[in-house]
Every structure is written in C-alpha cells, then in structure tokens.
file upload-v3.csv (CSV, N, CA and C atoms)
chain,number,residue,atom,x,y,z
A,1,MET,N,96.3,30.7,-142.1
A,1,MET,CA,96.5,29.3,-141.8
A,1,MET,C,97.8,28.9,-142.4
A,2,ILE,N,98.3,27.8,-141.8
A,2,ILE,CA,99.6,27.2,-142.3
A,2,ILE,C,99.3,25.7,-142.6
A,3,CYS,N,99.7,25.3,-143.8
A,3,CYS,CA,99.6,23.9,-144.2
A,3,CYS,C,101.0,23.3,-144.0
A,4,VAL,N,101.1,22.3,-143.1
A,4,VAL,CA,102.4,21.7,-142.8
A,4,VAL,C,102.5,20.4,-143.6
A,5,VAL,N,103.6,20.4,-144.4
A,5,VAL,CA,103.9,19.2,-145.3
A,5,VAL,C,105.3,18.7,-144.9
A,6,GLU,N,105.6,17.5,-145.5
A,6,GLU,CA,106.8,16.8,-145.2
A,6,GLU,C,108.0,17.3,-146.0
A,7,ASN,N,107.8,17.5,-147.3
A,7,ASN,CA,109.0,17.8,-148.2
A,7,ASN,C,108.6,18.7,-149.3
A,8,ILE,N,109.5,19.1,-150.2
A,8,ILE,CA,109.3,20.0,-151.2
A,8,ILE,C,108.3,19.5,-152.3
A,9,GLN,N,108.3,18.2,-152.5
A,9,GLN,CA,107.4,17.6,-153.5
A,9,GLN,C,105.9,17.8,-153.0
A,10,ASP,N,105.7,17.7,-151.7
A,10,ASP,CA,104.4,18.0,-151.1
A,10,ASP,C,104.0,19.4,-151.2
A,11,VAL,N,105.0,20.3,-151.1
A,11,VAL,CA,104.7,21.8,-151.3
A,11,VAL,C,104.2,22.0,-152.7
A,12,LEU,N,104.8,21.4,-153.7
A,12,LEU,CA,104.4,21.6,-155.0
A,12,LEU,C,103.0,21.0,-155.3
A,13,ALA,N,102.8,19.8,-154.7
A,13,ALA,CA,101.5,19.1,-154.9
A,13,ALA,C,100.4,20.0,-154.3
A,14,VAL,N,100.6,20.5,-153.1
A,14,VAL,CA,99.5,21.3,-152.5
A,14,VAL,C,99.3,22.6,-153.3
A,15,ARG,N,100.4,23.2,-153.7
A,15,ARG,CA,100.2,24.5,-154.5
A,15,ARG,C,99.5,24.2,-155.8
A,16,ILE,N,99.8,23.1,-156.5
A,16,ILE,CA,99.2,22.8,-157.8
A,16,ILE,C,97.8,22.4,-157.7
A,17,ARG,N,97.5,21.5,-156.7
A,17,ARG,CA,96.2,20.9,-156.6
A,17,ARG,C,95.2,21.5,-155.6
A,18,SER,N,95.6,22.5,-154.9
A,18,SER,CA,94.7,23.1,-153.9
A,18,SER,C,94.4,24.5,-154.2
A,19,SER,N,93.2,24.9,-153.7
A,19,SER,CA,92.8,26.3,-153.8
A,19,SER,C,93.1,27.0,-152.4
A,20,SER,N,93.9,26.4,-151.6
A,20,SER,CA,94.2,27.0,-150.3
A,20,SER,C,94.9,28.3,-150.4
A,21,ARG,N,94.6,29.3,-149.6
A,21,ARG,CA,95.2,30.6,-149.7
A,21,ARG,C,96.2,30.8,-148.6
A,22,GLY,N,96.4,29.8,-147.8
A,22,GLY,CA,97.3,30.0,-146.7
A,22,GLY,C,98.8,29.7,-147.1
A,23,CYS,N,99.6,29.7,-146.0
A,23,CYS,CA,101.0,29.5,-146.2
A,23,CYS,C,101.3,28.0,-146.1
A,24,ILE,N,102.4,27.6,-146.8
A,24,ILE,CA,102.8,26.2,-146.7
A,24,ILE,C,104.1,26.1,-146.0
A,25,MET,N,104.2,25.2,-145.0
A,25,MET,CA,105.4,25.1,-144.2
A,25,MET,C,106.0,23.7,-144.4
A,26,CYS,N,107.2,23.6,-144.9
A,26,CYS,CA,107.9,22.3,-145.1
A,26,CYS,C,108.7,21.9,-143.9
A,27,LEU,N,108.5,20.8,-143.3
A,27,LEU,CA,109.2,20.3,-142.1
A,27,LEU,C,110.6,19.8,-142.5
A,28,GLY,N,110.8,19.3,-143.7
A,28,GLY,CA,112.0,18.7,-144.1
A,28,GLY,C,112.1,17.3,-143.8
A,29,GLY,N,110.9,16.6,-143.5
A,29,GLY,CA,110.9,15.2,-143.2
A,29,GLY,C,109.8,15.0,-142.2
A,30,ILE,N,109.8,13.7,-141.7
A,30,ILE,CA,108.9,13.4,-140.6
A,30,ILE,C,109.7,12.6,-139.6
A,31,ILE,N,109.2,12.5,-138.3
A,31,ILE,CA,109.9,11.8,-137.3
A,31,ILE,C,109.9,10.3,-137.7
A,32,SER,N,111.2,9.7,-137.7
A,32,SER,CA,111.3,8.3,-138.0
A,32,SER,C,112.6,7.8,-137.3
A,33,PRO,N,112.3,7.2,-136.1
A,33,PRO,CA,113.4,6.7,-135.3
A,33,PRO,C,114.2,5.6,-136.0
A,34,VAL,N,113.6,4.9,-136.9
A,34,VAL,CA,114.3,3.8,-137.6
A,34,VAL,C,115.3,4.4,-138.6
A,35,ASP,N,115.0,5.6,-139.1
A,35,ASP,CA,115.9,6.3,-140.0
A,35,ASP,C,116.8,7.3,-139.3
A,36,GLY,N,116.7,7.4,-138.0
A,36,GLY,CA,117.5,8.3,-137.2
A,36,GLY,C,117.0,9.7,-137.2
A,37,ILE,N,115.7,10.0,-137.6
A,37,ILE,CA,115.2,11.3,-137.6
A,37,ILE,C,114.3,11.6,-136.4
A,38,GLY,N,114.8,12.5,-135.6
A,38,GLY,CA,114.0,12.9,-134.4
A,38,GLY,C,113.5,14.3,-134.6
A,39,PRO,N,112.7,14.8,-133.6
A,39,PRO,CA,112.2,16.2,-133.6
A,39,PRO,C,113.2,17.3,-133.8
A,40,ALA,N,114.4,17.1,-133.3
A,40,ALA,CA,115.5,18.1,-133.4
A,40,ALA,C,116.0,18.2,-134.8
A,41,ASP,N,115.7,17.2,-135.7
A,41,ASP,CA,116.2,17.3,-137.1
A,41,ASP,C,115.2,18.0,-138.0
A,42,LEU,N,114.0,18.3,-137.5
A,42,LEU,CA,113.0,18.9,-138.3
A,42,LEU,C,112.7,20.4,-137.9
A,43,LYS,N,111.9,21.1,-138.7
A,43,LYS,CA,111.7,22.5,-138.5
A,43,LYS,C,110.6,22.9,-137.6
A,44,PHE,N,110.5,22.2,-136.4
A,44,PHE,CA,109.4,22.5,-135.5
A,44,PHE,C,109.6,23.9,-134.8
A,45,ASP,N,110.8,24.3,-134.6
A,45,ASP,CA,111.0,25.6,-134.0
A,45,ASP,C,110.5,26.7,-134.9
A,46,THR,N,110.8,26.6,-136.2
A,46,THR,CA,110.3,27.5,-137.2
A,46,THR,C,108.8,27.6,-137.2
A,47,LEU,N,108.1,26.5,-137.1
A,47,LEU,CA,106.7,26.4,-137.1
A,47,LEU,C,106.2,27.2,-135.9
A,48,GLU,N,106.8,26.8,-134.7
A,48,GLU,CA,106.3,27.5,-133.5
A,48,GLU,C,106.6,29.0,-133.5
A,49,GLU,N,107.7,29.4,-134.0
A,49,GLU,CA,107.9,30.9,-134.1
A,49,GLU,C,106.9,31.6,-135.0
A,50,LYS,N,106.4,30.9,-136.0
A,50,LYS,CA,105.4,31.5,-136.9
A,50,LYS,C,104.1,31.7,-136.1
A,51,ILE,N,103.8,30.7,-135.3
A,51,ILE,CA,102.6,30.8,-134.4
A,51,ILE,C,102.7,31.9,-133.4
A,52,LYS,N,103.9,31.9,-132.7
A,52,LYS,CA,104.1,33.0,-131.7
A,52,LYS,C,104.0,34.4,-132.3
A,53,SER,N,104.4,34.5,-133.6
A,53,SER,CA,104.3,35.9,-134.1
A,53,SER,C,102.9,36.4,-134.3
A,54,GLY,N,101.9,35.5,-134.2
A,54,GLY,CA,100.5,35.9,-134.2
A,54,GLY,C,99.9,35.8,-135.6
A,55,GLY,N,98.6,35.9,-135.6
A,55,GLY,CA,97.8,35.9,-136.9
A,55,GLY,C,97.5,34.5,-137.4
A,56,ILE,N,98.0,33.5,-136.8
A,56,ILE,CA,97.7,32.1,-137.3
A,56,ILE,C,96.6,31.5,-136.4
A,57,THR,N,95.5,31.1,-137.1
A,57,THR,CA,94.4,30.6,-136.5
A,57,THR,C,94.2,29.1,-136.7
A,58,GLU,N,94.8,28.5,-137.7
A,58,GLU,CA,94.7,27.1,-138.0
A,58,GLU,C,96.0,26.5,-138.6
A,59,ILE,N,96.3,25.3,-138.2
A,59,ILE,CA,97.4,24.5,-138.7
A,59,ILE,C,96.7,23.3,-139.4
A,60,ILE,N,97.0,23.1,-140.7
A,60,ILE,CA,96.5,21.9,-141.4
A,60,ILE,C,97.7,21.0,-141.5
A,61,LEU,N,97.5,19.8,-140.9
A,61,LEU,CA,98.6,18.8,-140.9
A,61,LEU,C,98.4,17.9,-142.1
A,62,ALA,N,99.2,18.1,-143.1
A,62,ALA,CA,99.1,17.4,-144.4
A,62,ALA,C,100.4,16.5,-144.6
A,63,LEU,N,100.5,15.6,-143.6
A,63,LEU,CA,101.7,14.7,-143.6
A,63,LEU,C,101.3,13.3,-144.1
A,64,SER,N,102.2,12.5,-144.4
A,64,SER,CA,102.0,11.1,-144.9
A,64,SER,C,101.1,10.4,-144.0
A,65,THR,N,100.2,9.5,-144.5
A,65,THR,CA,99.3,8.7,-143.7
A,65,THR,C,100.0,7.4,-143.3
A,66,THR,N,101.2,7.5,-142.8
A,66,THR,CA,102.0,6.4,-142.3
A,66,THR,C,102.1,6.5,-140.8
A,67,MET,N,102.7,5.5,-140.2
A,67,MET,CA,102.9,5.5,-138.7
A,67,MET,C,103.8,6.7,-138.4
A,68,GLU,N,104.8,7.0,-139.2
A,68,GLU,CA,105.7,8.1,-139.0
A,68,GLU,C,105.0,9.4,-139.1
A,69,GLY,N,104.2,9.5,-140.1
A,69,GLY,CA,103.4,10.7,-140.4
A,69,GLY,C,102.4,11.0,-139.2
A,70,ASP,N,101.8,9.9,-138.7
A,70,ASP,CA,100.9,10.1,-137.6
A,70,ASP,C,101.6,10.4,-136.3
A,71,THR,N,102.8,9.9,-136.1
A,71,THR,CA,103.6,10.2,-135.0
A,71,THR,C,104.0,11.7,-135.0
A,72,THR,N,104.4,12.1,-136.2
A,72,THR,CA,104.8,13.5,-136.3
A,72,THR,C,103.6,14.4,-136.1
A,73,ASN,N,102.4,14.1,-136.6
A,73,ASN,CA,101.2,14.8,-136.3
A,73,ASN,C,100.9,14.9,-134.8
A,74,TYR,N,101.1,13.8,-134.1
A,74,TYR,CA,100.8,13.8,-132.7
A,74,TYR,C,101.9,14.7,-132.0
A,75,TYR,N,103.1,14.6,-132.4
A,75,TYR,CA,104.1,15.5,-131.8
A,75,TYR,C,103.8,17.0,-132.0
A,76,ILE,N,103.3,17.3,-133.2
A,76,ILE,CA,102.9,18.7,-133.4
A,76,ILE,C,101.8,19.1,-132.5
A,77,TYR,N,100.8,18.2,-132.4
A,77,TYR,CA,99.6,18.4,-131.6
A,77,TYR,C,100.0,18.7,-130.1
A,78,LYS,N,100.9,17.8,-129.6
A,78,LYS,CA,101.3,18.0,-128.2
A,78,LYS,C,102.1,19.3,-128.0
A,79,ARG,N,103.0,19.6,-129.0
A,79,ARG,CA,103.9,20.8,-128.9
A,79,ARG,C,103.1,22.1,-129.0
A,80,LEU,N,102.0,22.1,-129.8
A,80,LEU,CA,101.3,23.3,-130.1
A,80,LEU,C,100.0,23.4,-129.3
A,81,SER,N,99.7,22.5,-128.4
A,81,SER,CA,98.5,22.5,-127.6
A,81,SER,C,98.3,23.7,-126.7
A,82,LYS,N,99.4,24.3,-126.4
A,82,LYS,CA,99.4,25.5,-125.5
A,82,LYS,C,98.9,26.8,-126.2
A,83,TYR,N,98.8,26.7,-127.5
A,83,TYR,CA,98.4,27.9,-128.3
A,83,TYR,C,96.9,27.8,-128.7
A,84,ASN,N,96.3,28.9,-128.8
A,84,ASN,CA,94.9,28.9,-129.1
A,84,ASN,C,94.7,28.9,-130.7
A,85,ILE,N,95.0,27.7,-131.3
A,85,ILE,CA,94.9,27.6,-132.7
A,85,ILE,C,94.2,26.2,-133.0
A,86,GLN,N,93.5,26.2,-134.1
A,86,GLN,CA,92.8,25.0,-134.5
A,86,GLN,C,93.8,24.1,-135.3
A,87,LEU,N,93.9,22.8,-134.9
A,87,LEU,CA,94.7,21.8,-135.6
A,87,LEU,C,93.8,20.9,-136.4
A,88,THR,N,94.0,20.8,-137.7
A,88,THR,CA,93.2,19.9,-138.5
A,88,THR,C,94.1,19.0,-139.3
A,89,THR,N,93.6,18.0,-139.9
A,89,THR,CA,94.3,17.1,-140.7
A,89,THR,C,93.5,16.8,-142.0
A,90,LEU,N,94.2,16.4,-143.0
A,90,LEU,CA,93.5,16.1,-144.3
A,90,LEU,C,92.5,15.0,-144.1
A,91,ALA,N,91.4,15.0,-144.8
A,91,ALA,CA,90.4,14.0,-144.8
A,91,ALA,C,91.1,12.7,-145.3
A,92,ARG,N,90.7,11.6,-144.7
A,92,ARG,CA,91.2,10.3,-145.1
A,92,ARG,C,90.1,9.4,-145.4
A,93,GLY,N,90.2,8.6,-146.4
A,93,GLY,CA,89.1,7.7,-146.7
A,93,GLY,C,89.2,7.0,-148.0
A,94,VAL,N,88.1,6.4,-148.4
A,94,VAL,CA,88.0,5.7,-149.7
A,94,VAL,C,88.1,6.7,-150.8
A,95,ALA,N,89.0,6.5,-151.7
A,95,ALA,CA,89.2,7.4,-152.9
A,95,ALA,C,88.1,7.2,-153.9
A,96,ILE,N,87.9,8.2,-154.7
A,96,ILE,CA,86.9,8.1,-155.8
A,96,ILE,C,87.4,7.1,-156.7
A,97,GLY,N,86.5,6.2,-157.1
A,97,GLY,CA,86.8,5.1,-158.0
A,97,GLY,C,87.3,3.8,-157.4
A,98,ASP,N,87.5,3.9,-156.1
A,98,ASP,CA,88.0,2.6,-155.4
A,98,ASP,C,86.8,1.7,-155.2
A,99,GLU,N,87.2,0.4,-155.1
A,99,GLU,CA,86.2,-0.6,-154.8
A,99,GLU,C,86.3,-0.9,-153.3
A,100,LEU,N,85.2,-1.0,-152.6
A,100,LEU,CA,85.2,-1.3,-151.2
A,100,LEU,C,85.9,-2.6,-150.8
A,101,GLU,N,85.7,-3.6,-151.6
A,101,GLU,CA,86.3,-4.9,-151.3
A,101,GLU,C,87.8,-4.9,-151.3
A,102,TYR,N,88.5,-3.9,-151.9
A,102,TYR,CA,89.9,-3.8,-151.9
A,102,TYR,C,90.5,-2.7,-151.0
A,103,THR,N,89.6,-2.1,-150.2
A,103,THR,CA,90.0,-1.1,-149.3
A,103,THR,C,90.4,-1.7,-147.9
A,104,ASP,N,91.5,-1.3,-147.4
A,104,ASP,CA,92.0,-1.8,-146.1
A,104,ASP,C,91.1,-1.4,-145.0
A,105,GLU,N,91.1,-2.2,-143.9
A,105,GLU,CA,90.1,-1.9,-142.8
A,105,GLU,C,90.3,-0.6,-142.1
A,106,ILE,N,91.5,-0.1,-142.0
A,106,ILE,CA,91.8,1.2,-141.3
A,106,ILE,C,91.2,2.3,-142.2
A,107,THR,N,91.4,2.3,-143.5
A,107,THR,CA,90.9,3.3,-144.4
A,107,THR,C,89.4,3.3,-144.4
A,108,LEU,N,88.8,2.1,-144.5
A,108,LEU,CA,87.4,2.0,-144.5
A,108,LEU,C,86.8,2.4,-143.2
A,109,GLY,N,87.4,2.0,-142.1
A,109,GLY,CA,86.9,2.4,-140.8
A,109,GLY,C,86.9,3.9,-140.6
A,110,ARG,N,88.0,4.6,-141.0
A,110,ARG,CA,88.1,6.1,-140.9
A,110,ARG,C,87.1,6.7,-141.8
A,111,SER,N,86.8,6.1,-143.0
A,111,SER,CA,85.8,6.7,-143.9
A,111,SER,C,84.4,6.6,-143.3
A,112,ILE,N,84.1,5.6,-142.6
A,112,ILE,CA,82.8,5.4,-142.0
A,112,ILE,C,82.7,6.4,-140.8
A,113,MET,N,83.8,6.5,-140.0
A,113,MET,CA,83.7,7.4,-138.8
A,113,MET,C,83.7,8.8,-139.2
A,114,ASN,N,84.3,9.2,-140.3
A,114,ASN,CA,84.4,10.6,-140.7
A,114,ASN,C,83.5,10.9,-141.9
A,115,ARG,N,82.4,10.2,-142.0
A,115,ARG,CA,81.5,10.4,-143.1
A,115,ARG,C,81.0,11.8,-143.2
A,116,THR,N,80.5,12.2,-144.4
A,116,THR,CA,80.0,13.5,-144.6
A,116,THR,C,78.5,13.4,-145.1
A,117,PRO,N,77.8,14.5,-144.9
A,117,PRO,CA,76.4,14.5,-145.4
A,117,PRO,C,76.4,14.3,-146.9
A,118,PHE,N,75.4,13.6,-147.4
A,118,PHE,CA,75.2,13.4,-148.8
A,118,PHE,C,74.5,14.6,-149.4
A,119,ILE,N,75.1,15.2,-150.3
A,119,ILE,CA,74.5,16.4,-150.9
A,119,ILE,C,74.3,16.2,-152.4
A,120,THR,N,73.1,16.4,-152.8
A,120,THR,CA,72.7,16.1,-154.2
A,120,THR,C,73.2,17.3,-155.1
A,121,PRO,N,73.6,17.0,-156.3
A,121,PRO,CA,74.0,18.1,-157.2
A,121,PRO,C,72.8,19.0,-157.5
A,122,VAL,N,73.1,20.3,-157.7
A,122,VAL,CA,72.0,21.2,-158.0
A,122,VAL,C,71.6,21.2,-159.4
call {"tool": "encode", "arguments": {"input": "upload-v3.csv", "output": "structure tokens"}}
result
Amino acid sequence: MICVVENIQDVLAVRIRSSSRGCIMCLGGIISPVDGIGPADLKFDTLEEKIKSGGITEIILALSTTMEGDTTNYYIYKRLSKYNIQLTTLARGVAIGDELEYTDEITLGRSIMNRTPFITPV
C-alpha cells in the first residue's frame, strides 16, 4: 500500500503516529489554483509509475481535509481509476473529547454517515 501525503511534515506525522507498514508518498503539495499550483507541479507521475510497476493494491489518501485537499483526492481518483487498486481516505469525524455542539455540520454529517459499530471493551 501507499499512503499519499501533502508534505514532509505529514510524512513524519504518519511515521510517528501510525502503525502502517506501507510506503509513504509525498506529493509536494496539493492542487491550489489560487496559489498557482496545478497537477503538473506535483508528483502524480511518480505515484502512477509506482502503481504501474505492480504490487500496489491500495492507495490511502491522507491529504488535508480542505477544498484543495478534496480536489487533489478527486484528481487522484480520476487519474488512477483505470488501475485495479483500492483507493481509501482517512476517516473523518468528531474527534475524541470534542463536544457535539461545537462540531461543524460537515464534520458531524460525515461522522453520522460513516459511523462504525459500537464495540464494547473486553
């Protein structure tokens, strides 16, 4: 698997905080027309070459939860849809310790739509 991140700080965060055993791929940014960053400015070709070389079954999209991050996720989805790989994204929702009354409607809505089964501690 390959975990796709935006920048080197995200690489370090994933390495330190995750038990993932896959490879991490840094795009060098996200698509941001306002900042003059388009697909040609990022490492999409490198990502696609890794997929073409074989052995990759999943791409984890671990980009910012902003409009630009979602745009970049969608671009990756469209570009890689011709390959037989699973595309996943990080779970999004209400953080542990957050109060519902202070949660924005998009986060709360996604949390409800992507809810998980309740599992009691053993």
call {"tool": "select_by_dssp", "arguments": {"input": "upload-v3.csv", "residues": "chain A", "states": "strand (DSSP E)", "output": "number ranges by chain"}}
result
A: 2-5, 23-26, 58-61, 86-89
call {"tool": "atom_distance", "arguments": {"input": "upload-v3.csv", "atom1": "CA of Gly55 (chain A)", "atom2": "CA of Gln86 (chain A)"}}
result
12.2 Å
call {"tool": "atom_distance", "arguments": {"input": "upload-v3.csv", "atom1": "CA of Glu49 (chain A)", "atom2": "CA of Cys3 (chain A)"}}
result
14.8 Å
call {"tool": "closest_residue", "arguments": {"input": "upload-v3.csv", "among": "A:Met1, A:Ile76, A:Ile59, A:Leu100", "to": "Thr88 (chain A)", "atoms": "only C-alpha atoms"}}
result
A:Ile59
call {"tool": "atom_distance", "arguments": {"input": "upload-v3.csv", "atom1": "atom C of Ser18 (chain A)", "atom2": "CA of Gly54 (chain A)"}}
result
23.8 Å
call {"tool": "select_by_dssp", "arguments": {"input": "upload-v3.csv", "residues": "chain A", "states": "alpha helix (DSSP H)", "output": "number ranges by chain"}}
result
A: 8-17, 44-52, 67-80, 105-113
call {"tool": "closest_residue", "arguments": {"input": "upload-v3.csv", "among": "A:Ile96, A:Ile106, A:Ile56, A:Leu63", "to": "Asn7 (chain A)", "atoms": "only C-alpha atoms"}}
result
A:Leu63
call {"tool": "residues_near_point", "arguments": {"input": "upload-v3.csv", "point": "(99.4, 23.1, -143.4)", "cutoff": "6.5 Å", "atoms": "all atoms listed in the file", "output": "ChimeraX atom specification"}}
result
/A:1-5,23-25,59-62
call {"tool": "closest_residue", "arguments": {"input": "upload-v3.csv", "among": "A:Gly28, A:Asp104, A:Arg15, A:Val94", "to": "Phe44 (chain A)", "atoms": "all atoms listed in the file"}}
result
A:Gly28
call {"tool": "residues_around", "arguments": {"input": "upload-v3.csv", "residues": "Ala91 (chain A)", "least_positions_apart": "5", "cutoff": "10 Å", "atoms": "only C-alpha atoms", "output": "PyMOL selection string"}}
result
chain A and resi 62+110-111+114-115
call {"tool": "closest_residue", "arguments": {"input": "upload-v3.csv", "among": "A:Leu12, A:Met67, A:Ile119, A:Leu47", "to": "Val34 (chain A)", "atoms": "only C-alpha atoms"}}
result
A:Met67
call {"tool": "closest_residue", "arguments": {"input": "upload-v3.csv", "among": "A:Leu87, A:Ile16, A:Met113, A:Ile51", "to": "Tyr75 (chain A)", "atoms": "only C-alpha atoms"}}
result
A:Leu87
call {"tool": "closest_residue", "arguments": {"input": "upload-v3.csv", "among": "A:Ala40, A:Ile31, A:Ile112, A:Cys26", "to": "Arg92 (chain A)", "atoms": "only C-alpha atoms"}}
result
A:Ile112
call {"tool": "axis_aligned_box", "arguments": {"input": "upload-v3.csv", "around": "region 109-119 of chain A", "padding_each_side": "6 Å", "output": "AutoDock Vina command-line options"}}
result
--center_x 81.2 --center_y 9.2 --center_z -145.6 --size_x 25.8 --size_y 26.4 --size_z 25.6
